[in-house]
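Q: Sharing a structure below in structure tokens format, with a few things to ask.
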Amino acid sequence: MNLIISFSGREGGNCDNISEYIATEGDTIIHFRNLHVHDCSGCRYECFEDVCKYRGDDIYNLFESMVNYEKIFFIVPMYCGNPTSLYFKLNERSQDFFMHNEEIYEAIVSKLYIIGIYGEKNKTPDFIPCFETWFEGTELNHRVLGIERHKYGQKMEDKILGVKEIKQQIDQFIWQ
Ligand SMILES: Cc1cc2nc3c(=O)[nH]c(=O)nc-3n(C[C@H](O)[C@H](O)[C@H](O)COP(=O)(O)O)c2cc1C
């Protein structure tokens, strides 16, 4: 069983479509936009010494559940040159979880695969490396796939799964 998380803000866009495409029976798809997850804001950084004041929202449960899956896929779109803020929300709130669950950090990272949807590498070369930081210092390779929409003439309203080559890239990535 795999866990697939779409970090798009819109329903039925490319990230949601890819999530459905890669899901097989028994997999779980989560649309991060629908979770109740507080920003890392309005606190005193309690997570470093104690417990995050927002511990009761949906993020801690989400991280806890990750150990139960074989693979975890993050599907992340680019907004204004960077991964969407929904992705950074998860990233920042992981601070509290891993401060208290350090022993499962490596196990979770070992399950992780990230697909980033963006325009093109030439214009925004830092987008994909941003995801690769999860795997620095590990032996894990080929964990990040960048899908460059512009390479295939795909605009914002287009459905990138309609492009055969993109489908092939995704197939190769998920079945590696
Ligand atoms: C606020 C916003 C900013 C965006 N900025 C960029 C951008 O800087 N570069 C880019 O290539 N695409 C950008 N896009 C387009 C999205 O990356 C693209 O539509 C992607 O397919 C979104 O995922 P979705 O289809 O799942 O919603 C932006 C979209 C939004 C809503």
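Starting from 1 in every chain, residues are counted up; chains themselves are A, B, ... following the order of the structure tokens, and ligands are numbered from 1 as listed.
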Could you pull out all residues of chain A with a DSSP call of alpha helix (DSSP H) and give them as a tab-separated table (two decimals) with C-alpha atoms, in the first residue's frame?
A:
chain	number	residue	atom	x	y	z
A	14	ASN	CA	-2.29	17.83	-12.92
A	15	CYS	CA	-1.15	16.84	-9.43
A	16	ASP	CA	-4.50	15.31	-8.57
A	17	ASN	CA	-4.60	13.52	-11.93
A	18	ILE	CA	-1.12	12.12	-11.45
A	19	SER	CA	-2.03	11.01	-7.94
A	20	GLU	CA	-4.97	9.06	-9.32
A	21	TYR	CA	-2.88	7.70	-12.16
A	22	ILE	CA	-0.19	6.22	-9.92
A	58	ASP	CA	-3.81	16.89	11.04
A	59	ILE	CA	-0.06	16.94	10.45
A	60	TYR	CA	1.18	14.77	13.31
A	61	ASN	CA	-1.25	11.97	12.43
A	62	LEU	CA	-0.19	12.21	8.82
A	63	PHE	CA	3.49	11.75	9.68
A	64	GLU	CA	2.67	8.94	12.12
A	65	SER	CA	0.74	7.10	9.40
A	66	MET	CA	3.68	7.25	6.96
A	85	SER	CA	3.45	26.76	0.11
A	86	LEU	CA	1.41	23.66	1.02
A	87	TYR	CA	4.60	21.64	0.60
A	88	PHE	CA	6.57	24.05	2.80
A	89	LYS	CA	3.86	23.78	5.41
A	90	LEU	CA	4.48	20.07	5.69
A	91	ASN	CA	8.22	20.64	5.60
A	92	GLU	CA	8.20	23.14	8.46
A	93	ARG	CA	5.77	21.19	10.60
A	94	SER	CA	7.94	18.09	10.22
A	95	GLN	CA	10.27	19.82	12.69
A	96	ASP	CA	7.99	18.95	15.62
A	97	PHE	CA	7.34	15.41	14.45
A	98	PHE	CA	10.96	14.45	13.85
A	99	MET	CA	12.22	16.17	17.01
A	100	HIS	CA	10.10	13.63	18.87
A	105	TYR	CA	13.18	9.73	10.18
A	106	GLU	CA	15.35	7.48	7.99
A	107	ALA	CA	12.58	4.90	7.59
A	108	ILE	CA	10.21	7.56	6.31
A	109	VAL	CA	12.76	9.13	3.96
A	110	SER	CA	13.57	5.67	2.58
A	111	LYS	CA	9.94	5.38	1.41
A	127	PHE	CA	13.17	23.76	-8.16
A	128	ILE	CA	14.19	20.09	-8.35
A	129	PRO	CA	17.34	20.39	-6.16
A	130	CYS	CA	15.06	21.76	-3.44
A	131	PHE	CA	13.44	18.30	-3.15
A	132	GLU	CA	16.73	16.47	-3.33
A	164	LYS	CA	2.68	10.02	-23.89
A	165	GLU	CA	6.29	10.81	-22.98
A	166	ILE	CA	5.27	12.28	-19.63
A	167	LYS	CA	3.24	9.17	-18.83
A	168	GLN	CA	6.26	7.06	-19.70
A	169	GLN	CA	8.50	9.14	-17.41
A	170	ILE	CA	6.05	8.65	-14.56
A	171	ASP	CA	5.71	4.92	-15.22
A	172	GLN	CA	9.47	4.50	-15.21
A	173	PHE	CA	9.80	6.51	-12.02
A	174	ILE	CA	7.16	4.70	-10.01
Q: Could you report the residues within 8 Å of ligand 1, using only C-alpha atoms and all ligand atoms, as number ranges by chain?
A: A: 6-17, 76-82, 117-120, 124, 148-150, 155-160
Q: With C-alpha atoms retained, could you export that selection as a compact mmCIF listing (two decimals), in the first residue's frame?
A:
# COMPACT_ATOMS: atom_id res chain seq x y z
CA SER A 6 -1.09 15.99 -3.85
CA PHE A 7 0.18 19.42 -2.87
CA SER A 8 -1.80 21.35 -5.47
CA GLY A 9 -4.19 24.04 -4.39
CA ARG A 10 -6.69 23.17 -7.11
CA GLU A 11 -8.96 20.22 -7.43
CA GLY A 12 -8.70 18.08 -10.53
CA GLY A 13 -5.46 19.59 -11.86
CA ASN A 14 -2.29 17.83 -12.92
CA CYS A 15 -1.15 16.84 -9.43
CA ASP A 16 -4.50 15.31 -8.57
CA ASN A 17 -4.60 13.52 -11.93
CA VAL A 76 4.25 19.03 -5.88
CA PRO A 77 3.52 21.88 -8.32
CA MET A 78 5.59 25.01 -8.79
CA TYR A 79 4.00 28.26 -7.68
CA CYS A 80 5.95 31.45 -8.46
CA GLY A 81 9.24 29.69 -9.00
CA ASN A 82 9.11 27.50 -5.90
CA ILE A 117 5.54 19.73 -11.85
CA TYR A 118 6.94 22.90 -13.34
CA GLY A 119 7.63 24.94 -16.47
CA GLU A 120 11.25 24.30 -17.35
CA THR A 124 14.07 27.63 -12.61
CA GLU A 148 8.86 20.12 -17.40
CA ARG A 149 5.52 21.20 -18.88
CA HIS A 150 6.98 23.72 -21.34
CA LYS A 155 0.13 25.35 -20.50
CA MET A 156 -1.56 25.74 -17.14
CA GLU A 157 -4.94 24.44 -18.28
CA ASP A 158 -3.52 21.51 -20.20
CA LYS A 159 -3.61 17.98 -18.85
CA ILE A 160 -0.05 16.76 -18.88
Q: With distances taken over only C-alpha atoms, which of A:Thr133, A:Thr138, A:Asn101, A:Thr84 is nearest to Arg33 in chain A?
A: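 When distances to Arg33 in chain A are compared using only C-alpha atoms, the smallest one comes from A:Thr84.
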Q: Near Asp27 in chain A, counting only C-alpha atoms, which residues have an atom at most 10 Å away, once you skip same-chain residues fewer than 5 positions from it, shown as a list in words?
A: Met1, Asn2, Leu3, Ile4, Glu20, Ile22, Tyr69, Glu70, Lys71 and Ile72 of chain A
Q: Set the distance at 8 Å and use only C-alpha atoms: which residues neighbour range 50-57 of chain A once local chain neighbours fewer than 3 positions away are removed? I'd like the list as a tab-separated table (two decimals) with N, CA and C atoms, in the first residue's frame.
A:
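Contents of out14.tsv, as written:
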chain	number	residue	atom	x	y	z
A	36	HIS	N	-6.38	20.00	7.80
A	36	HIS	CA	-6.31	21.14	8.71
A	36	HIS	C	-4.90	21.15	9.30
A	37	VAL	N	-4.06	22.01	8.72
A	37	VAL	CA	-2.65	22.08	9.15
A	37	VAL	C	-2.29	23.54	9.40
A	38	HIS	N	-1.95	23.85	10.63
A	38	HIS	CA	-1.61	25.22	10.98
A	38	HIS	C	-0.22	25.59	10.43
A	43	CYS	N	3.71	31.15	17.44
A	43	CYS	CA	4.11	30.29	18.56
A	43	CYS	C	5.45	30.79	19.10
A	45	TYR	N	8.19	28.69	19.19
A	45	TYR	CA	9.09	27.60	18.78
A	45	TYR	C	9.11	26.51	19.84
A	46	GLU	N	7.95	26.23	20.41
A	46	GLU	CA	7.87	25.21	21.46
A	46	GLU	C	8.38	23.85	20.98
A	47	CYS	N	8.28	23.60	19.68
A	47	CYS	CA	8.66	22.28	19.15
A	47	CYS	C	10.11	21.92	19.46
A	60	TYR	N	0.48	15.79	12.52
A	60	TYR	CA	1.18	14.77	13.31
A	60	TYR	C	0.67	13.36	12.94
A	96	ASP	N	8.54	19.48	14.35
A	96	ASP	CA	7.99	18.95	15.62
A	96	ASP	C	7.95	17.43	15.60
Q: Excluding Ile115 in chain A and any residue of its chain fewer than 2 positions from it, enumerate the residues within 7 Å of it, using only C-alpha atoms, and give them as an NGL selection string.
A: :A and (74-76 or 113 or 117 or 144-146)
Q: Take CA of Ile29 in chain A and CA of Ile5 in chain A and report the distance between them in Å, one decimal.
A: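 Interatomic distance here is 5.8 Å.
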Q: Would you mind writing down, as a ChimeraX atom specification, each residue of range 3-162 of chain A that DSSP on the backbone assigns to strand (DSSP E)?
A: /A:3-6,28-31,71-79,82-83,112-118,144-148
Q: Any chance you can output those residues with N, CA and C atoms as a PDB file, in the first residue's frame?
A:
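Saved as selection.pdb:
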ATOM      1  N   LEU A   3       1.160   5.658  -0.113  1.00  0.00           N
ATOM      2  CA  LEU A   3       0.509   6.917   0.242  1.00  0.00           C
ATOM      3  C   LEU A   3       0.902   7.951  -0.800  1.00  0.00           C
ATOM      4  N   ILE A   4      -0.093   8.644  -1.347  1.00  0.00           N
ATOM      5  CA  ILE A   4       0.181   9.656  -2.367  1.00  0.00           C
ATOM      6  C   ILE A   4      -0.405  10.971  -1.878  1.00  0.00           C
ATOM      7  N   ILE A   5       0.423  11.998  -1.850  1.00  0.00           N
ATOM      8  CA  ILE A   5      -0.055  13.299  -1.368  1.00  0.00           C
ATOM      9  C   ILE A   5       0.067  14.333  -2.478  1.00  0.00           C
ATOM     10  N   SER A   6      -1.075  14.906  -2.861  1.00  0.00           N
ATOM     11  CA  SER A   6      -1.090  15.986  -3.850  1.00  0.00           C
ATOM     12  C   SER A   6      -1.001  17.316  -3.115  1.00  0.00           C
ATOM     13  N   THR A  28      -3.654   5.091  -0.649  1.00  0.00           N
ATOM     14  CA  THR A  28      -4.352   6.248  -0.082  1.00  0.00           C
ATOM     15  C   THR A  28      -3.903   7.516  -0.797  1.00  0.00           C
ATOM     16  N   ILE A  29      -4.876   8.314  -1.240  1.00  0.00           N
ATOM     17  CA  ILE A  29      -4.546   9.631  -1.825  1.00  0.00           C
ATOM     18  C   ILE A  29      -5.004  10.699  -0.843  1.00  0.00           C
ATOM     19  N   ILE A  30      -4.095  11.612  -0.539  1.00  0.00           N
ATOM     20  CA  ILE A  30      -4.455  12.739   0.334  1.00  0.00           C
ATOM     21  C   ILE A  30      -4.248  14.033  -0.438  1.00  0.00           C
ATOM     22  N   HIS A  31      -5.253  14.893  -0.386  1.00  0.00           N
ATOM     23  CA  HIS A  31      -5.107  16.233  -0.964  1.00  0.00           C
ATOM     24  C   HIS A  31      -4.746  17.151   0.197  1.00  0.00           C
ATOM     25  N   LYS A  71       5.490   2.865  -0.017  1.00  0.00           N
ATOM     26  CA  LYS A  71       6.091   4.042  -0.654  1.00  0.00           C
ATOM     27  C   LYS A  71       5.222   5.254  -0.371  1.00  0.00           C
ATOM     28  N   ILE A  72       5.883   6.411  -0.347  1.00  0.00           N
ATOM     29  CA  ILE A  72       5.162   7.674  -0.146  1.00  0.00           C
ATOM     30  C   ILE A  72       5.517   8.582  -1.326  1.00  0.00           C
ATOM     31  N   PHE A  73       4.498   9.051  -2.019  1.00  0.00           N
ATOM     32  CA  PHE A  73       4.734   9.953  -3.162  1.00  0.00           C
ATOM     33  C   PHE A  73       4.232  11.343  -2.818  1.00  0.00           C
ATOM     34  N   PHE A  74       5.109  12.343  -2.978  1.00  0.00           N
ATOM     35  CA  PHE A  74       4.676  13.738  -2.900  1.00  0.00           C
ATOM     36  C   PHE A  74       4.553  14.238  -4.346  1.00  0.00           C
ATOM     37  N   ILE A  75       3.422  14.802  -4.697  1.00  0.00           N
ATOM     38  CA  ILE A  75       3.241  15.376  -6.033  1.00  0.00           C
ATOM     39  C   ILE A  75       3.113  16.885  -5.829  1.00  0.00           C
ATOM     40  N   VAL A  76       4.121  17.617  -6.280  1.00  0.00           N
ATOM     41  CA  VAL A  76       4.250  19.026  -5.880  1.00  0.00           C
ATOM     42  C   VAL A  76       4.340  19.966  -7.095  1.00  0.00           C
ATOM     43  N   PRO A  77       3.429  20.918  -7.210  1.00  0.00           N
ATOM     44  CA  PRO A  77       3.525  21.877  -8.319  1.00  0.00           C
ATOM     45  C   PRO A  77       4.399  23.082  -7.961  1.00  0.00           C
ATOM     46  N   MET A  78       4.855  23.751  -9.008  1.00  0.00           N
ATOM     47  CA  MET A  78       5.589  25.006  -8.792  1.00  0.00           C
ATOM     48  C   MET A  78       4.605  26.161  -8.750  1.00  0.00           C
ATOM     49  N   TYR A  79       4.736  26.995  -7.735  1.00  0.00           N
ATOM     50  CA  TYR A  79       4.003  28.260  -7.678  1.00  0.00           C
ATOM     51  C   TYR A  79       5.043  29.374  -7.552  1.00  0.00           C
ATOM     52  N   ASN A  82       8.767  28.382  -7.025  1.00  0.00           N
ATOM     53  CA  ASN A  82       9.110  27.505  -5.901  1.00  0.00           C
ATOM     54  C   ASN A  82       8.057  26.419  -5.724  1.00  0.00           C
ATOM     55  N   PRO A  83       8.373  25.396  -4.919  1.00  0.00           N
ATOM     56  CA  PRO A  83       7.303  24.466  -4.559  1.00  0.00           C
ATOM     57  C   PRO A  83       6.192  25.229  -3.856  1.00  0.00           C
ATOM     58  N   LEU A 112      10.254   7.603   0.518  1.00  0.00           N
ATOM     59  CA  LEU A 112       9.791   8.825  -0.151  1.00  0.00           C
ATOM     60  C   LEU A 112      10.227   8.958  -1.625  1.00  0.00           C
ATOM     61  N   TYR A 113       9.257   9.383  -2.451  1.00  0.00           N
ATOM     62  CA  TYR A 113       9.478   9.686  -3.872  1.00  0.00           C
ATOM     63  C   TYR A 113       8.757  11.006  -4.152  1.00  0.00           C
ATOM     64  N   ILE A 114       9.403  11.884  -4.914  1.00  0.00           N
ATOM     65  CA  ILE A 114       8.791  13.205  -5.141  1.00  0.00           C
ATOM     66  C   ILE A 114       8.703  13.496  -6.644  1.00  0.00           C
ATOM     67  N   ILE A 115       7.512  13.919  -7.069  1.00  0.00           N
ATOM     68  CA  ILE A 115       7.337  14.369  -8.457  1.00  0.00           C
ATOM     69  C   ILE A 115       7.035  15.864  -8.425  1.00  0.00           C
ATOM     70  N   GLY A 116       7.870  16.643  -9.079  1.00  0.00           N
ATOM     71  CA  GLY A 116       7.678  18.099  -9.139  1.00  0.00           C
ATOM     72  C   GLY A 116       7.186  18.492 -10.519  1.00  0.00           C
ATOM     73  N   ILE A 117       6.117  19.287 -10.563  1.00  0.00           N
ATOM     74  CA  ILE A 117       5.538  19.728 -11.847  1.00  0.00           C
ATOM     75  C   ILE A 117       5.884  21.201 -12.034  1.00  0.00           C
ATOM     76  N   TYR A 118       6.554  21.502 -13.141  1.00  0.00           N
ATOM     77  CA  TYR A 118       6.943  22.899 -13.339  1.00  0.00           C
ATOM     78  C   TYR A 118       7.104  23.223 -14.813  1.00  0.00           C
ATOM     79  N   VAL A 144      13.625  11.771  -7.152  1.00  0.00           N
ATOM     80  CA  VAL A 144      12.913  12.989  -7.547  1.00  0.00           C
ATOM     81  C   VAL A 144      12.745  12.996  -9.070  1.00  0.00           C
ATOM     82  N   LEU A 145      11.513  13.190  -9.505  1.00  0.00           N
ATOM     83  CA  LEU A 145      11.241  13.320 -10.937  1.00  0.00           C
ATOM     84  C   LEU A 145      10.700  14.718 -11.205  1.00  0.00           C
ATOM     85  N   GLY A 146      11.336  15.426 -12.128  1.00  0.00           N
ATOM     86  CA  GLY A 146      10.835  16.748 -12.524  1.00  0.00           C
ATOM     87  C   GLY A 146      10.091  16.613 -13.844  1.00  0.00           C
ATOM     88  N   ILE A 147       8.894  17.141 -13.890  1.00  0.00           N
ATOM     89  CA  ILE A 147       8.143  17.147 -15.151  1.00  0.00           C
ATOM     90  C   ILE A 147       8.092  18.570 -15.671  1.00  0.00           C
ATOM     91  N   GLU A 148       8.772  18.776 -16.797  1.00  0.00           N
ATOM     92  CA  GLU A 148       8.857  20.122 -17.396  1.00  0.00           C
ATOM     93  C   GLU A 148       7.727  20.295 -18.409  1.00  0.00           C
TER      94      GLU A 148
END
Q: Tell me, in Å to one decimal, how far CA of Phe32 in chain A is from CA of Phe135 in chain A.
A: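 A separation of 21.9 Å between them.
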